[in-house]
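Engineer: Data file start.cif (mmCIF, C-alpha atoms (C1' of nucleotides)) is appended below.
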data_model
loop_
_atom_site.label_atom_id
_atom_site.label_comp_id
_atom_site.auth_asym_id
_atom_site.auth_seq_id
_atom_site.Cartn_x
_atom_site.Cartn_y
_atom_site.Cartn_z
CA MET A 197 23.72 107.25 12.03
CA THR A 198 23.12 108.75 15.36
CA ASN A 199 19.75 110.13 16.09
CA THR A 200 20.21 113.87 16.31
CA GLU A 201 16.71 114.37 17.62
CA PRO A 202 16.80 113.29 21.27
CA SER A 203 13.93 112.53 23.59
CA PRO A 204 10.62 113.98 22.66
CA GLY A 205 8.91 116.68 24.64
CA LEU A 206 12.13 118.07 25.96
CA ALA A 207 12.93 120.69 23.42
CA GLY A 208 16.17 119.03 22.50
CA ALA A 209 17.64 119.26 25.97
CA ARG A 210 19.59 116.45 27.51
CA PRO A 211 17.15 113.90 28.83
CA THR A 212 18.23 113.98 32.43
CA LYS A 213 16.30 112.27 35.17
CA GLN A 214 14.99 115.64 36.35
CA ARG A 215 13.82 116.85 33.00
CA LEU A 216 12.17 113.57 32.33
CA ALA A 217 10.39 113.80 35.63
CA VAL A 218 9.10 117.24 34.79
CA ALA A 219 8.03 116.14 31.35
CA ARG A 220 6.24 113.17 32.84
CA ILE A 221 4.42 115.13 35.50
CA LEU A 222 3.21 117.55 32.87
CA ASP A 223 1.22 114.73 31.35
CA THR A 224 -0.64 114.04 34.54
CA PHE A 225 -2.75 117.15 34.47
CA ASP A 226 -4.32 119.29 31.83
CA ASP A 227 -4.94 122.55 33.56
CA PHE A 228 -2.51 125.28 34.47
CA ARG A 229 -0.13 124.80 37.36
CA SER A 230 2.41 127.17 38.78
CA ALA A 231 6.07 126.26 38.86
CA GLN A 232 5.84 125.93 42.61
CA GLU A 233 2.91 123.58 42.37
CA ILE A 234 4.71 121.46 39.85
CA HIS A 235 7.69 121.34 42.14
CA THR A 236 5.47 120.14 44.95
CA LEU A 237 3.77 117.58 42.73
CA LEU A 238 7.16 116.18 41.85
CA ALA A 239 8.15 115.96 45.48
CA GLY A 240 4.89 114.19 46.20
CA ALA A 241 5.66 111.71 43.45
CA GLY A 242 8.95 110.89 45.11
CA GLU A 243 10.96 112.74 42.49
CA ASN A 244 13.16 115.24 44.22
CA VAL A 245 13.90 117.90 41.69
CA GLY A 246 15.32 121.23 42.80
CA LEU A 247 13.07 124.23 42.53
CA ALA A 248 15.55 126.10 40.38
CA THR A 249 15.68 123.19 38.02
CA VAL A 250 11.93 123.12 37.73
CA TYR A 251 11.95 126.78 36.84
CA ARG A 252 14.72 126.35 34.32
CA THR A 253 13.07 123.39 32.72
CA LEU A 254 9.67 124.98 32.46
CA GLN A 255 11.14 128.09 30.98
CA ARG A 256 13.08 126.19 28.41
CA LEU A 257 10.06 124.18 27.44
CA ALA A 258 7.93 127.26 27.22
CA GLU A 259 10.43 128.99 24.98
CA ALA A 260 10.53 125.96 22.78
CA GLY A 261 6.77 126.15 22.49
CA GLU A 262 6.21 122.86 24.24
CA LEU A 263 4.29 124.57 26.98
CA ASP A 264 1.69 127.24 27.34
CA VAL A 265 2.43 129.94 29.83
CA LEU A 266 -0.04 132.32 31.26
CA ARG A 267 -0.02 134.89 33.97
CA THR A 268 -2.72 134.44 36.54
CA GLU A 269 -4.59 137.52 37.63
CA ASP A 270 -2.14 138.06 40.45
CA GLY A 271 0.92 137.83 38.28
CA GLU A 272 2.21 134.30 38.73
CA ALA A 273 3.26 132.21 35.80
CA ALA A 274 1.38 128.98 35.20
CA TYR A 275 2.22 126.19 32.77
CA ARG A 276 0.72 123.26 30.99
CA ARG A 277 1.28 121.19 27.93
CA CYS A 278 -0.33 122.56 24.87
CA SER A 279 -1.16 121.74 21.37
CA ASP A 280 1.18 123.37 18.92
CA THR A 281 -1.27 125.79 17.42
CA HIS A 282 -1.55 129.26 18.77
CA HIS A 283 -4.58 129.67 20.99
CA HIS A 284 -5.97 131.20 24.13
CA HIS A 285 -7.60 130.06 27.33
CA LEU A 286 -10.72 130.24 29.32
CA VAL A 287 -9.66 129.54 32.87
CA CYS A 288 -11.77 128.91 35.93
CA ARG A 289 -10.74 131.22 38.67
CA SER A 290 -11.48 128.81 41.45
CA CYS A 291 -10.67 125.33 40.18
CA GLY A 292 -8.31 126.08 37.37
CA ALA A 293 -10.22 124.11 34.76
CA THR A 294 -9.15 125.25 31.34
CA VAL A 295 -10.71 125.37 27.95
CA GLU A 296 -8.49 125.90 24.96
CA ILE A 297 -9.86 128.44 22.60
CA GLU A 298 -9.05 129.32 19.06
CA GLY A 299 -9.93 132.66 17.64
CA PRO A 300 -8.66 133.17 14.14
CA ALA A 301 -10.69 136.34 14.08
CA VAL A 302 -8.83 137.70 17.06
CA GLU A 303 -5.50 136.82 15.53
CA ARG A 304 -6.30 138.67 12.37
CA TRP A 305 -7.68 141.54 14.33
CA THR A 306 -4.59 142.04 16.48
CA GLU A 307 -2.41 141.89 13.43
CA THR A 308 -4.41 144.46 11.58
CA ILE A 309 -4.47 146.77 14.55
CA SER A 310 -0.75 146.61 15.21
CA ALA A 311 0.09 147.09 11.57
CA GLU A 312 -2.22 150.05 11.47
CA HIS A 313 -0.26 151.66 14.27
CA GLY A 314 3.13 150.80 12.92
CA TYR A 315 3.97 148.19 15.52
CA SER A 316 6.07 145.25 14.51
CA ASP A 317 7.39 142.18 16.21
CA VAL A 318 4.03 141.72 17.79
CA SER A 319 2.88 139.22 20.37
CA HIS A 320 -0.33 139.23 22.30
CA SER A 321 -1.89 137.63 25.29
CA LEU A 322 -5.55 137.00 25.72
CA GLU A 323 -6.90 135.15 28.70
CA ILE A 324 -10.42 134.87 29.88
CA PHE A 325 -11.05 134.26 33.54
CA GLY A 326 -14.38 133.16 34.90
CA THR A 327 -16.17 130.76 37.18
CA CYS A 328 -16.97 127.44 35.62
CA ALA A 329 -20.35 125.79 35.85
CA SER A 330 -19.46 123.32 38.59
CA CYS A 331 -17.81 125.91 40.78
CA LYS A 332 -20.72 128.22 40.30
CA GLN A 333 -23.20 126.72 42.71
CA MET B 238 -25.98 171.50 51.52
CA THR B 239 -22.78 169.61 51.92
CA ASN B 240 -21.15 168.30 48.84
CA THR B 241 -21.42 164.54 49.11
CA GLU B 242 -19.23 164.03 46.08
CA PRO B 243 -15.65 164.66 47.21
CA SER B 244 -12.62 165.36 45.08
CA PRO B 245 -12.68 163.98 41.60
CA GLY B 246 -10.42 161.23 40.38
CA LEU B 247 -10.06 159.67 43.77
CA ALA B 248 -12.79 157.10 43.71
CA GLY B 249 -14.53 158.72 46.62
CA ALA B 250 -11.65 158.29 49.01
CA ARG B 251 -10.66 160.96 51.44
CA PRO B 252 -8.65 163.55 49.61
CA THR B 253 -5.50 163.34 51.63
CA LYS B 254 -2.30 165.04 50.61
CA GLN B 255 -0.86 161.70 49.54
CA ARG B 256 -3.77 160.63 47.41
CA LEU B 257 -3.92 163.99 45.77
CA ALA B 258 -0.24 163.73 44.98
CA VAL B 259 -0.74 160.34 43.36
CA ALA B 260 -3.74 161.57 41.43
CA ARG B 261 -1.78 164.56 40.23
CA ILE B 262 1.25 162.62 39.13
CA LEU B 263 -0.97 160.30 37.14
CA ASP B 264 -1.84 163.21 34.92
CA THR B 265 1.75 163.88 34.02
CA PHE B 266 2.21 160.84 31.85
CA ASP B 267 0.07 158.83 29.52
CA ASP B 268 1.86 155.54 29.27
CA PHE B 269 1.99 152.71 31.76
CA ARG B 270 4.14 153.03 34.86
CA SER B 271 4.77 150.55 37.60
CA ALA B 272 3.89 151.34 41.19
CA GLN B 273 7.55 151.59 42.01
CA GLU B 274 8.15 154.04 39.20
CA ILE B 275 5.27 156.16 40.34
CA HIS B 276 6.65 156.13 43.82
CA THR B 277 9.98 157.36 42.52
CA LEU B 278 8.35 160.02 40.38
CA LEU B 279 6.58 161.32 43.46
CA ALA B 280 9.78 161.43 45.42
CA GLY B 281 11.41 163.29 42.56
CA ALA B 282 8.58 165.80 42.66
CA GLY B 283 9.28 166.45 46.30
CA GLU B 284 6.18 164.60 47.44
CA ASN B 285 7.19 162.00 49.93
CA VAL B 286 4.53 159.36 49.82
CA GLY B 287 5.18 155.96 51.35
CA LEU B 288 5.51 153.06 49.00
CA ALA B 289 2.72 151.15 50.70
CA THR B 290 0.45 154.11 50.27
CA VAL B 291 1.23 154.32 46.60
CA TYR B 292 0.31 150.67 46.23
CA ARG B 293 -2.88 151.06 48.21
CA THR B 294 -3.91 154.13 46.30
CA LEU B 295 -3.25 152.66 42.91
CA GLN B 296 -5.13 149.53 43.79
CA ARG B 297 -8.08 151.42 45.02
CA LEU B 298 -8.19 153.56 41.94
CA ALA B 299 -7.84 150.57 39.71
CA GLU B 300 -10.72 148.82 41.42
CA ALA B 301 -12.82 151.90 41.03
CA GLY B 302 -12.08 151.85 37.34
CA GLU B 303 -10.17 155.11 37.41
CA LEU B 304 -7.03 153.38 36.26
CA ASP B 305 -6.02 150.79 33.78
CA VAL B 306 -3.88 148.00 35.06
CA LEU B 307 -1.87 145.68 32.98
CA ARG B 308 0.67 143.02 33.65
CA THR B 309 3.88 143.49 31.76
CA GLU B 310 5.34 140.45 30.13
CA ASP B 311 7.41 139.75 33.21
CA GLY B 312 4.54 139.94 35.61
CA GLU B 313 4.69 143.41 37.08
CA ALA B 314 1.63 145.56 37.39
CA ALA B 315 1.60 148.86 35.56
CA TYR B 316 -0.92 151.66 35.80
CA ARG B 317 -2.17 154.69 33.98
CA ARG B 318 -5.26 156.83 33.76
CA CYS B 319 -7.81 155.60 31.35
CA SER B 320 -10.96 156.56 29.66
CA ASP B 321 -13.97 154.98 31.24
CA THR B 322 -14.87 152.63 28.47
CA HIS B 323 -13.58 149.12 28.49
CA HIS B 324 -10.68 148.69 26.11
CA HIS B 325 -7.32 147.09 25.55
CA HIS B 326 -3.80 148.18 24.79
CA LEU B 327 -1.10 148.01 22.26
CA VAL B 328 2.09 148.58 24.19
CA CYS B 329 5.59 149.19 22.92
CA ARG B 330 7.94 146.77 24.55
CA SER B 331 10.87 149.13 24.58
CA CYS B 332 9.52 152.63 25.15
CA GLY B 333 6.17 151.88 26.73
CA ALA B 334 4.16 153.96 24.29
CA THR B 335 0.58 152.90 24.42
CA VAL B 336 -2.32 152.90 22.06
CA GLU B 337 -5.77 152.42 23.44
CA ILE B 338 -7.78 149.96 21.45
CA GLU B 339 -11.42 149.15 21.32
CA GLY B 340 -12.65 145.87 20.05
CA PRO B 341 -16.37 145.42 20.36
CA ALA B 342 -15.97 142.28 18.31
CA VAL B 343 -13.59 140.81 20.85
CA GLU B 344 -15.89 141.69 23.70
CA ARG B 345 -18.78 139.92 22.07
CA TRP B 346 -16.60 137.03 21.16
CA THR B 347 -15.32 136.42 24.68
CA GLU B 348 -18.81 136.61 26.03
CA THR B 349 -20.15 134.14 23.56
CA ILE B 350 -17.31 131.75 24.18
CA SER B 351 -17.61 131.81 27.94
CA ALA B 352 -21.35 131.41 27.84
CA GLU B 353 -20.91 128.50 25.50
CA HIS B 354 -18.73 126.77 28.05
CA GLY B 355 -20.89 127.60 31.02
CA TYR B 356 -18.52 130.12 32.55
CA SER B 357 -19.95 133.04 34.42
CA ASP B 358 -18.56 136.03 36.17
CA VAL B 359 -16.19 136.53 33.34
CA SER B 360 -13.36 138.99 32.92
CA HIS B 361 -10.71 139.00 30.30
CA SER B 362 -7.36 140.53 29.61
CA LEU B 363 -6.01 141.24 26.20
CA GLU B 364 -2.74 143.02 25.67
CA ILE B 365 -0.72 143.35 22.56
CA PHE B 366 3.00 143.88 22.88
CA GLY B 367 5.16 145.02 20.03
CA THR B 368 7.85 147.39 18.92
CA CYS B 369 6.61 150.77 17.85
CA ALA B 370 7.70 152.47 14.68
CA SER B 371 10.19 154.86 16.27
CA CYS B 372 11.83 152.17 18.36
CA LYS B 373 12.05 149.93 15.35
CA GLN B 374 15.05 151.43 13.57
"C1'" DG C 102 36.94 104.14 31.98
"C1'" DC C 103 37.93 109.22 31.05
"C1'" DC C 104 37.02 113.94 30.13
"C1'" DG C 105 34.85 118.23 29.07
"C1'" DA C 106 30.50 120.38 28.70
"C1'" DC C 107 26.12 120.61 30.33
"C1'" DT C 108 23.10 120.15 34.62
"C1'" DT C 109 21.80 120.06 39.16
"C1'" DG C 110 20.60 121.59 43.81
"C1'" DA C 111 21.10 123.89 48.19
"C1'" DC C 112 21.25 128.33 49.37
"C1'" DA C 113 21.51 133.24 48.95
"C1'" DT C 114 19.55 137.08 46.68
"C1'" DT C 115 16.62 140.04 44.33
"C1'" DG C 116 12.44 142.61 43.70
"C1'" DA C 117 7.70 143.35 43.78
"C1'" DT C 118 3.96 143.37 46.71
"C1'" DT C 119 1.63 142.95 51.15
"C1'" DC C 120 1.30 143.15 56.15
"C1'" DT C 121 1.72 145.28 60.80
"C1'" DC C 122 0.81 148.59 63.95
"C1'" DA C 123 1.59 152.78 66.27
"C1'" DA C 124 1.28 157.62 65.08
"C1'" DC C 125 -1.39 160.87 62.43
"C1'" DG C 126 -5.04 163.67 60.14
"C1'" DG C 127 -9.68 164.52 58.21
"C1'" DC C 128 -14.10 165.72 59.43
"C1'" DA C 129 -18.55 165.88 61.72
"C1'" DT C 130 -20.07 167.03 66.10
"C1'" DT C 131 -20.24 169.64 70.35
"C1'" DA D 114 -12.01 175.90 68.65
"C1'" DA D 115 -11.81 171.52 71.07
"C1'" DT D 116 -12.99 166.37 70.96
"C1'" DG D 117 -13.41 161.89 69.46
"C1'" DC D 118 -13.94 158.52 65.98
"C1'" DC D 119 -12.18 156.24 62.34
"C1'" DG D 120 -9.97 155.99 58.05
"C1'" DT D 121 -5.11 156.72 56.57
"C1'" DT D 122 -0.18 156.80 56.65
"C1'" DG D 123 4.63 155.21 56.76
"C1'" DA D 124 8.75 152.63 58.14
"C1'" DG D 125 10.08 148.42 58.38
"C1'" DA D 126 9.29 143.56 58.49
"C1'" DA D 127 7.40 139.72 56.22
"C1'" DT D 128 6.02 137.09 51.94
"C1'" DC D 129 6.74 134.93 47.97
"C1'" DA D 130 7.85 134.06 43.23
"C1'" DA D 131 11.71 133.96 40.55
"C1'" DT D 132 16.66 134.15 39.56
"C1'" DG D 133 21.61 133.94 40.49
"C1'" DT D 134 25.74 131.37 42.44
"C1'" DC D 135 28.88 127.85 42.30
"C1'" DA D 136 30.67 123.49 43.74
"C1'" DA D 137 29.43 118.75 43.01
"C1'" DG D 138 27.25 115.51 39.93
"C1'" DT D 139 25.90 113.50 35.34
"C1'" DC D 140 25.69 112.67 30.33
"C1'" DG D 141 27.60 111.05 26.11
"C1'" DG D 142 31.23 110.54 23.09
"C1'" DC D 143 35.87 108.84 22.59
#
Can you turn what I pasted into structure tokens?

Structural biologist:
Amino acid sequence: MTNTEPSPGLAGARPTKQRLAVARILDTFDDFRSAQEIHTLLAGAGENVGLATVYRTLQRLAEAGELDVLRTEDGEAAYRRCSDTHHHHLVCRSCGATVEIEGPAVERWTETISAEHGYSDVSHSLEIFGTCASCKQ
Amino acid sequence: MTNTEPSPGLAGARPTKQRLAVARILDTFDDFRSAQEIHTLLAGAGENVGLATVYRTLQRLAEAGELDVLRTEDGEAAYRRCSDTHHHHLVCRSCGATVEIEGPAVERWTETISAEHGYSDVSHSLEIFGTCASCKQ
DNA sequence: GCCGACTTGACATTGATTCTCAACGGCATT
DNA sequence: AATGCCGTTGAGAATCAATGTCAAGTCGGC
């Protein structure tokens, strides 16, 4: 029997050299990085992956829930690997350090609110930006 | 005595024709509109205000807290007049209808969390996107 | 090894936002 | 009312992330 479930961490996509490279680089950091940054990181690691491919791959992974996406305060998308539970982030504005946060209360709250107003098909985004202790001084 | 407090709704900026036009148009809708849309609305109203000026004005007003800003799911900034209390939004993905939401609990929660992790200078963004009742069917 | 379907990458393009800088317009002063 | 200072404007160029294009390359099964 052939294994129908291909390489892990790739959302079922063909495990091409490029996608593997992206998947690998994602393990080397644990804060949020923009697609452009990731592209540069790859180049620095000797892996020449086209920018478009990086975008495509990140998007696919994000859709598949393999990655967290967030919009920085100036509107760029940033990615990182995430645990599979739904959660939010506390992000340092200057160094990018991230803390994963769970807020069951918030989840319930948003659901109640949207139901109350007749909204369905609801998604929400909650990000907290601040300056972390070490960047403070 | 000279009135030190200039025109209202302009964040203390000089009340130029352009700024007044922007301020006025903001009163004609109560959902979120992108800068570009606002620019077009102005043009449609016969007020020819430069795009750059629209951007500058909106930014200034937003900074002054006269406007709410939010990032749509695809990263564009959208604006609208807001009440002066801090709050969040429940936005319809398809028609843009907006409900203003207050969540003292969330405010407290974010503050506690960030303090817990040593983050200071904290701001947060919480938006809920969904499909409103009328767009549902 | 061969083939069709899926991927890639270099490049062009879009679209929002910001920058530049000379011309302009408030406004306090004379 | 005229003057000068300084903030403001606008047209276009410049940025920059993100997406589209399409021919060339690659994967995996047969």

Engineer: Each residue of chain D with at least one atom at most 9 Å from chain A should appear once, together with its nearest atom pair and the corresponding distance in Å (one decimal); atoms considered: all atoms listed in the file; ordering: chain, then increasing residue number; output as a Markdown table.

Structural biologist:
| residue | atom | partner | partner_atom | distance |
| --- | --- | --- | --- | --- |
| D:DA130 | C1' | A:Glu272 | CA | 7.2 |
| D:DA131 | C1' | A:Tyr251 | CA | 8.1 |
| D:DT132 | C1' | A:Ala248 | CA | 8.2 |
| D:DT139 | C1' | A:Thr212 | CA | 8.2 |
| D:DC140 | C1' | A:Arg210 | CA | 7.7 |

Engineer: Compute the chain A side of the contact with chain B at 6 Å, counting only C-alpha atoms, and hand it back as a PyMOL selection string.

Structural biologist: chain A and resi 271+314-329

Engineer: Okay, now the selection with C-alpha atoms, as a PDB file, keeping the file's coordinate frame?

Structural biologist:
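Result written to part-v7.pdb:
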ATOM      1  CA  GLY A 271       0.920 137.830  38.280  1.00  0.00           C
ATOM      2  CA  GLY A 314       3.130 150.800  12.920  1.00  0.00           C
ATOM      3  CA  TYR A 315       3.970 148.190  15.520  1.00  0.00           C
ATOM      4  CA  SER A 316       6.070 145.250  14.510  1.00  0.00           C
ATOM      5  CA  ASP A 317       7.390 142.180  16.210  1.00  0.00           C
ATOM      6  CA  VAL A 318       4.030 141.720  17.790  1.00  0.00           C
ATOM      7  CA  SER A 319       2.880 139.220  20.370  1.00  0.00           C
ATOM      8  CA  HIS A 320      -0.330 139.230  22.300  1.00  0.00           C
ATOM      9  CA  SER A 321      -1.890 137.630  25.290  1.00  0.00           C
ATOM     10  CA  LEU A 322      -5.550 137.000  25.720  1.00  0.00           C
ATOM     11  CA  GLU A 323      -6.900 135.150  28.700  1.00  0.00           C
ATOM     12  CA  ILE A 324     -10.420 134.870  29.880  1.00  0.00           C
ATOM     13  CA  PHE A 325     -11.050 134.260  33.540  1.00  0.00           C
ATOM     14  CA  GLY A 326     -14.380 133.160  34.900  1.00  0.00           C
ATOM     15  CA  THR A 327     -16.170 130.760  37.180  1.00  0.00           C
ATOM     16  CA  CYS A 328     -16.970 127.440  35.620  1.00  0.00           C
ATOM     17  CA  ALA A 329     -20.350 125.790  35.850  1.00  0.00           C
TER      18      ALA A 329
END

Engineer: Any chance you could resolve the PyMOL selection byres ((chain A) within 8 of (chain C)) against this file and give the residues as a PDB file with C-alpha atoms, in the frame of the given file?

Structural biologist:
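Output below, filename selection.pdb:
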ATOM      1  CA  VAL A 245      13.900 117.900  41.690  1.00  0.00           C
ATOM      2  CA  GLY A 246      15.320 121.230  42.800  1.00  0.00           C
ATOM      3  CA  ALA A 248      15.550 126.100  40.380  1.00  0.00           C
ATOM      4  CA  THR A 249      15.680 123.190  38.020  1.00  0.00           C
TER       5      THR A 249
END

Engineer: One decimal, in Å: what's the spacing between CA of Ala293 in chain A and CA of Ile234 in chain A?

Structural biologist: 16.0 Å

Engineer: State, in Å with one decimal place, the distance from CA of Leu288 in chain B to CA of Arg256 in chain B.

Structural biologist: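 Straight-line distance from CA of Leu288 in chain B to CA of Arg256 in chain B works out to 12.1 Å.
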
Engineer: Any chance you could work out the axis-aligned box around range 133-141 of chain D, listed atoms only, 3 Å on each side, giving centre and edge lengths in Å to one decimal, as lines of an AutoDock Vina configuration file?

Structural biologist:
center_x = 26.1
center_y = 122.5
center_z = 34.9
size_x = 15.1
size_y = 28.9
size_z = 23.6

Engineer: Work out how far apart CA of Arg318 in chain B and CA of Ala301 in chain B are and give it in Å to one decimal.

Structural biologist: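 About the pair CA of Arg318 in chain B and CA of Ala301 in chain B: they are 11.6 Å apart.
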
Engineer: Identify the residues around (-0.9, 122.0, 38.6) within a radius of 12 Å, measuring from all atoms listed in the file in the coordinates stated by the file, and give them as a PyMOL selection string.

Structural biologist: chain A and resi 218+221-238+273-277+291-294
